[in-house]
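All remarks here apply to the structure that follows.
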Amino acid sequence: MTSDKRRLQPRKQPRQVRAELTRQRILTAAAHVFAEHGYAAGTTNRIAERARISIGSLYQYYPNKDAILVELLARHLDAGMADLARREENGLPGSLEEIVRRYVRTAIENHLDDPQLLRVMVEQAPRSHALLDKISRHERERVAYMRELLDRHPEVRVGDTETAARLTVSTVELVVHQLIAAPDPIDIPRFENELVAMLTRYLTAAG
(Lines give C-alpha, C1' and ligand atoms only; values in the text may rest on other atoms or scores of the structure.)
Protein backbone atom coordinates (compact mmCIF):
# COMPACT_ATOMS: atom_id res chain seq x y z
CA MET A 1 0.00 0.00 0.00
CA THR A 2 1.43 3.38 -0.97
CA SER A 3 1.91 6.15 1.59
CA ASP A 4 -0.65 8.30 -0.25
CA LYS A 5 -3.26 5.54 -0.04
CA ARG A 6 -2.57 5.01 3.67
CA ARG A 7 -2.90 8.77 4.24
CA LEU A 8 -6.51 8.77 3.02
CA GLN A 9 -7.74 5.58 4.67
CA PRO A 10 -9.03 4.94 8.19
CA ARG A 11 -6.46 3.29 10.43
CA LYS A 12 -8.83 1.18 12.43
CA GLN A 13 -11.94 -0.71 11.33
CA PRO A 14 -14.11 -1.07 14.45
CA ARG A 15 -15.00 -4.63 15.43
CA GLN A 16 -16.85 -3.78 18.64
CA VAL A 17 -19.92 -1.64 19.21
CA ARG A 18 -18.01 0.77 21.43
CA ALA A 19 -15.33 1.30 18.81
CA GLU A 20 -17.94 1.90 16.11
CA LEU A 21 -19.68 4.45 18.33
CA THR A 22 -16.37 6.25 18.80
CA ARG A 23 -15.83 6.38 15.06
CA GLN A 24 -19.35 7.75 14.57
CA ARG A 25 -18.63 10.44 17.17
CA ILE A 26 -15.48 11.43 15.29
CA LEU A 27 -17.32 11.66 11.97
CA THR A 28 -20.23 13.61 13.47
CA ALA A 29 -17.84 16.00 15.20
CA ALA A 30 -15.82 16.43 12.01
CA ALA A 31 -18.95 17.26 10.03
CA HIS A 32 -19.77 20.06 12.49
CA VAL A 33 -16.21 21.36 12.60
CA PHE A 34 -15.76 21.43 8.81
CA ALA A 35 -19.14 23.12 8.35
CA GLU A 36 -18.42 25.77 11.01
CA HIS A 37 -14.73 26.46 10.42
CA GLY A 38 -14.05 25.28 6.85
CA TYR A 39 -11.51 22.68 5.86
CA ALA A 40 -8.31 24.66 6.46
CA ALA A 41 -9.26 25.60 10.03
CA GLY A 42 -10.98 22.29 10.74
CA THR A 43 -8.06 20.73 12.58
CA THR A 44 -7.92 17.31 14.16
CA ASN A 45 -7.56 19.03 17.54
CA ARG A 46 -10.89 20.79 17.01
CA ILE A 47 -12.49 17.55 15.86
CA ALA A 48 -11.20 15.64 18.90
CA GLU A 49 -12.39 18.40 21.22
CA ARG A 50 -15.84 18.39 19.61
CA ALA A 51 -16.01 14.58 19.85
CA ARG A 52 -14.84 14.75 23.49
CA ILE A 53 -12.01 12.32 22.96
CA SER A 54 -8.24 12.69 23.16
CA ILE A 55 -6.26 13.51 20.03
CA GLY A 56 -4.46 10.20 20.54
CA SER A 57 -7.77 8.33 20.38
CA LEU A 58 -8.68 10.11 17.16
CA TYR A 59 -5.39 9.09 15.56
CA GLN A 60 -6.12 5.46 16.41
CA TYR A 61 -8.98 5.69 13.89
CA TYR A 62 -7.79 8.22 11.30
CA PRO A 63 -4.27 9.32 10.36
CA ASN A 64 -5.36 12.90 9.55
CA LYS A 65 -8.32 15.10 8.66
CA ASP A 66 -7.99 14.20 4.97
CA ALA A 67 -8.99 10.61 5.74
CA ILE A 68 -11.94 11.82 7.80
CA LEU A 69 -13.21 14.08 5.03
CA VAL A 70 -12.82 11.31 2.44
CA GLU A 71 -14.95 8.99 4.58
CA LEU A 72 -17.61 11.67 5.04
CA LEU A 73 -17.83 12.13 1.27
CA ALA A 74 -17.96 8.36 0.67
CA ARG A 75 -20.83 8.06 3.14
CA HIS A 76 -22.65 10.94 1.47
CA LEU A 77 -22.42 9.15 -1.89
CA ASP A 78 -23.64 5.86 -0.41
CA ALA A 79 -26.57 7.58 1.32
CA GLY A 80 -27.67 9.20 -1.94
CA MET A 81 -27.72 5.89 -3.81
CA ALA A 82 -29.49 4.13 -0.94
CA ASP A 83 -32.19 6.83 -0.86
CA LEU A 84 -32.74 6.52 -4.62
CA ALA A 85 -33.03 2.73 -4.32
CA ARG A 86 -35.57 3.01 -1.48
CA ARG A 87 -37.75 5.36 -3.50
CA GLU A 88 -37.56 3.06 -6.52
CA GLU A 89 -38.81 0.14 -4.41
CA ASN A 90 -42.06 2.05 -3.87
CA GLY A 91 -42.72 2.08 -7.61
CA LEU A 92 -42.39 4.85 -10.17
CA PRO A 93 -45.02 7.49 -11.01
CA GLY A 94 -46.72 7.21 -14.38
CA SER A 95 -45.80 10.50 -15.99
CA LEU A 96 -42.27 11.37 -17.08
CA GLU A 97 -42.52 14.72 -15.31
CA GLU A 98 -43.19 13.04 -11.97
CA ILE A 99 -40.36 10.56 -12.52
CA VAL A 100 -37.99 13.45 -13.19
CA ARG A 101 -39.37 15.29 -10.16
CA ARG A 102 -38.69 12.33 -7.90
CA TYR A 103 -35.11 12.11 -9.16
CA VAL A 104 -34.54 15.86 -8.73
CA ARG A 105 -36.16 15.92 -5.30
CA THR A 106 -34.00 13.03 -4.09
CA ALA A 107 -30.88 14.91 -5.17
CA ILE A 108 -32.05 18.12 -3.49
CA GLU A 109 -32.95 16.42 -0.22
CA ASN A 110 -29.60 14.65 -0.18
CA HIS A 111 -27.93 18.09 -0.29
CA LEU A 112 -30.07 19.90 2.27
CA ASP A 113 -28.74 18.56 5.58
CA ASP A 114 -25.69 20.81 5.63
CA PRO A 115 -24.91 22.68 2.41
CA GLN A 116 -21.73 24.22 3.81
CA LEU A 117 -20.34 20.82 4.77
CA LEU A 118 -21.28 19.52 1.34
CA ARG A 119 -19.37 22.33 -0.33
CA VAL A 120 -16.29 21.45 1.74
CA MET A 121 -16.64 17.74 0.97
CA VAL A 122 -17.12 18.11 -2.78
CA GLU A 123 -14.70 20.94 -3.44
CA GLN A 124 -11.89 20.25 -0.95
CA ALA A 125 -11.88 16.53 -0.19
CA PRO A 126 -8.69 14.75 -1.35
CA ARG A 127 -9.32 12.27 -4.15
CA SER A 128 -8.00 8.83 -3.33
CA HIS A 129 -8.17 6.09 -5.98
CA ALA A 130 -10.82 4.32 -3.91
CA LEU A 131 -12.95 7.45 -3.69
CA LEU A 132 -12.58 8.21 -7.40
CA ASP A 133 -13.61 4.62 -8.18
CA LYS A 134 -16.66 5.02 -5.93
CA ILE A 135 -17.65 8.31 -7.59
CA SER A 136 -17.30 6.76 -11.05
CA ARG A 137 -19.25 3.67 -10.07
CA HIS A 138 -22.09 5.70 -8.60
CA GLU A 139 -22.24 7.87 -11.72
CA ARG A 140 -22.38 4.81 -13.97
CA GLU A 141 -25.17 3.33 -11.86
CA ARG A 142 -27.21 6.54 -11.99
CA VAL A 143 -26.73 6.87 -15.76
CA ALA A 144 -27.73 3.24 -16.32
CA TYR A 145 -30.80 3.75 -14.13
CA MET A 146 -31.80 6.89 -16.02
CA ARG A 147 -31.21 5.35 -19.44
CA GLU A 148 -33.42 2.38 -18.58
CA LEU A 149 -36.19 4.79 -17.59
CA LEU A 150 -35.82 6.80 -20.79
CA ASP A 151 -35.71 3.71 -23.03
CA ARG A 152 -39.00 2.38 -21.77
CA HIS A 153 -41.07 5.52 -21.16
CA PRO A 154 -43.51 6.39 -23.98
CA GLU A 155 -43.26 10.17 -23.43
CA VAL A 156 -39.53 10.30 -24.17
CA ARG A 157 -38.73 11.76 -27.59
CA VAL A 158 -34.94 12.15 -27.54
CA GLY A 159 -33.20 9.85 -30.00
CA ASP A 160 -29.94 9.25 -28.11
CA THR A 161 -31.02 8.03 -24.69
CA GLU A 162 -27.45 7.23 -23.57
CA THR A 163 -26.32 10.84 -24.04
CA ALA A 164 -29.63 12.12 -22.66
CA ALA A 165 -29.21 10.01 -19.53
CA ARG A 166 -25.69 11.33 -18.98
CA LEU A 167 -26.83 14.92 -19.53
CA THR A 168 -29.74 14.51 -17.12
CA VAL A 169 -27.66 12.96 -14.36
CA SER A 170 -24.80 15.46 -14.72
CA THR A 171 -27.14 18.44 -14.88
CA VAL A 172 -29.00 17.44 -11.73
CA GLU A 173 -25.84 16.69 -9.75
CA LEU A 174 -23.92 19.81 -10.77
CA VAL A 175 -26.77 22.32 -10.65
CA VAL A 176 -28.20 21.03 -7.38
CA HIS A 177 -24.79 21.09 -5.70
CA GLN A 178 -23.90 24.55 -6.98
CA LEU A 179 -27.17 26.23 -6.04
CA ILE A 180 -27.94 24.44 -2.77
CA ALA A 181 -24.43 25.06 -1.46
CA ALA A 182 -24.28 28.67 -2.71
CA PRO A 183 -23.96 31.42 -0.07
CA ASP A 184 -27.04 33.14 -1.49
CA PRO A 185 -29.97 30.82 -0.65
CA ILE A 186 -32.38 29.76 -3.37
CA ASP A 187 -36.11 29.11 -3.01
CA ILE A 188 -36.19 25.29 -3.01
CA PRO A 189 -39.75 24.68 -4.38
CA ARG A 190 -39.23 27.16 -7.22
CA PHE A 191 -35.81 25.71 -7.98
CA GLU A 192 -37.24 22.18 -8.09
CA ASN A 193 -40.10 23.24 -10.37
CA GLU A 194 -37.83 25.03 -12.84
CA LEU A 195 -35.28 22.23 -13.00
CA VAL A 196 -38.00 19.60 -13.50
CA ALA A 197 -39.66 21.71 -16.23
CA MET A 198 -36.34 22.25 -18.03
CA LEU A 199 -35.43 18.55 -18.05
CA THR A 200 -38.93 17.37 -18.93
CA ARG A 201 -39.12 19.72 -21.91
CA TYR A 202 -35.74 18.52 -23.15
CA LEU A 203 -36.65 14.84 -22.82
CA THR A 204 -40.07 15.16 -24.46
CA ALA A 205 -39.12 17.51 -27.32
CA ALA A 206 -39.22 15.86 -30.74
CA GLY A 207 -35.86 15.79 -32.48
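Letters A, B, ... mark the chains of the C-alpha coordinates in the order given; residue numbers begin at 1 per chain; ligand numbers begin at 1, in order shown.
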
Alpha helix (DSSP H) call set, DSSP backbone run, segment 47-192 of chain A, as a VMD selection string: chain A and resid 47 to 51 55 to 61 65 to 89 96 to 112 115 to 124 129 to 152 161 to 180 188 to 192

Long-range neighbours of Glu36 of chain A as a PyMOL selection string, 12 Å cut-off, only C-alpha atoms, 2 positions minimum in chain: chain A and resi 29-34+38-43+46-47+50+114-120

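The list of residues with at least one atom within 12 Å of Asn110 of chain A, based on only C-alpha atoms and without residues fewer than 6 positions apart in the same chain, reads Arg75, His76, Leu77, Asp78, Ala79, Gly80, Met81, Ala82, Asp83, Leu84, Tyr103, Val104, Leu118, Val172, Glu173, Val176, His177, Ile180 and Ala181 of chain A.
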
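Residues surrounding segment 153-158 of chain A within 8 Å are A:Ser95, A:Leu96, A:Leu149, A:Leu150, A:Thr161, A:Ala164, A:Tyr202, A:Leu203, A:Thr204, A:Ala205, A:Ala206, A:Gly207 [only C-alpha atoms; sequence separation below 3 positions excluded].
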
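Using only C-alpha atoms, the protein and nucleic acid residues lying no more than 12 Å from Arg105 of chain A, apart from those fewer than 2 places from it along its own chain, are Gly80, Asp83, Leu84, Arg87, Glu97, Glu98, Ile99, Val100, Arg101, Arg102, Tyr103, Ala107, Ile108, Glu109, Asn110, His111, Leu112, Val172, Glu173, Val176, Ile188, Pro189, Arg190, Phe191, Glu192, Asn193, Glu194, Leu195 and Val196 of chain A.
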
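Atom CA of Met198 of chain A lies 20.4 Å from atom CA of Pro185 of chain A.
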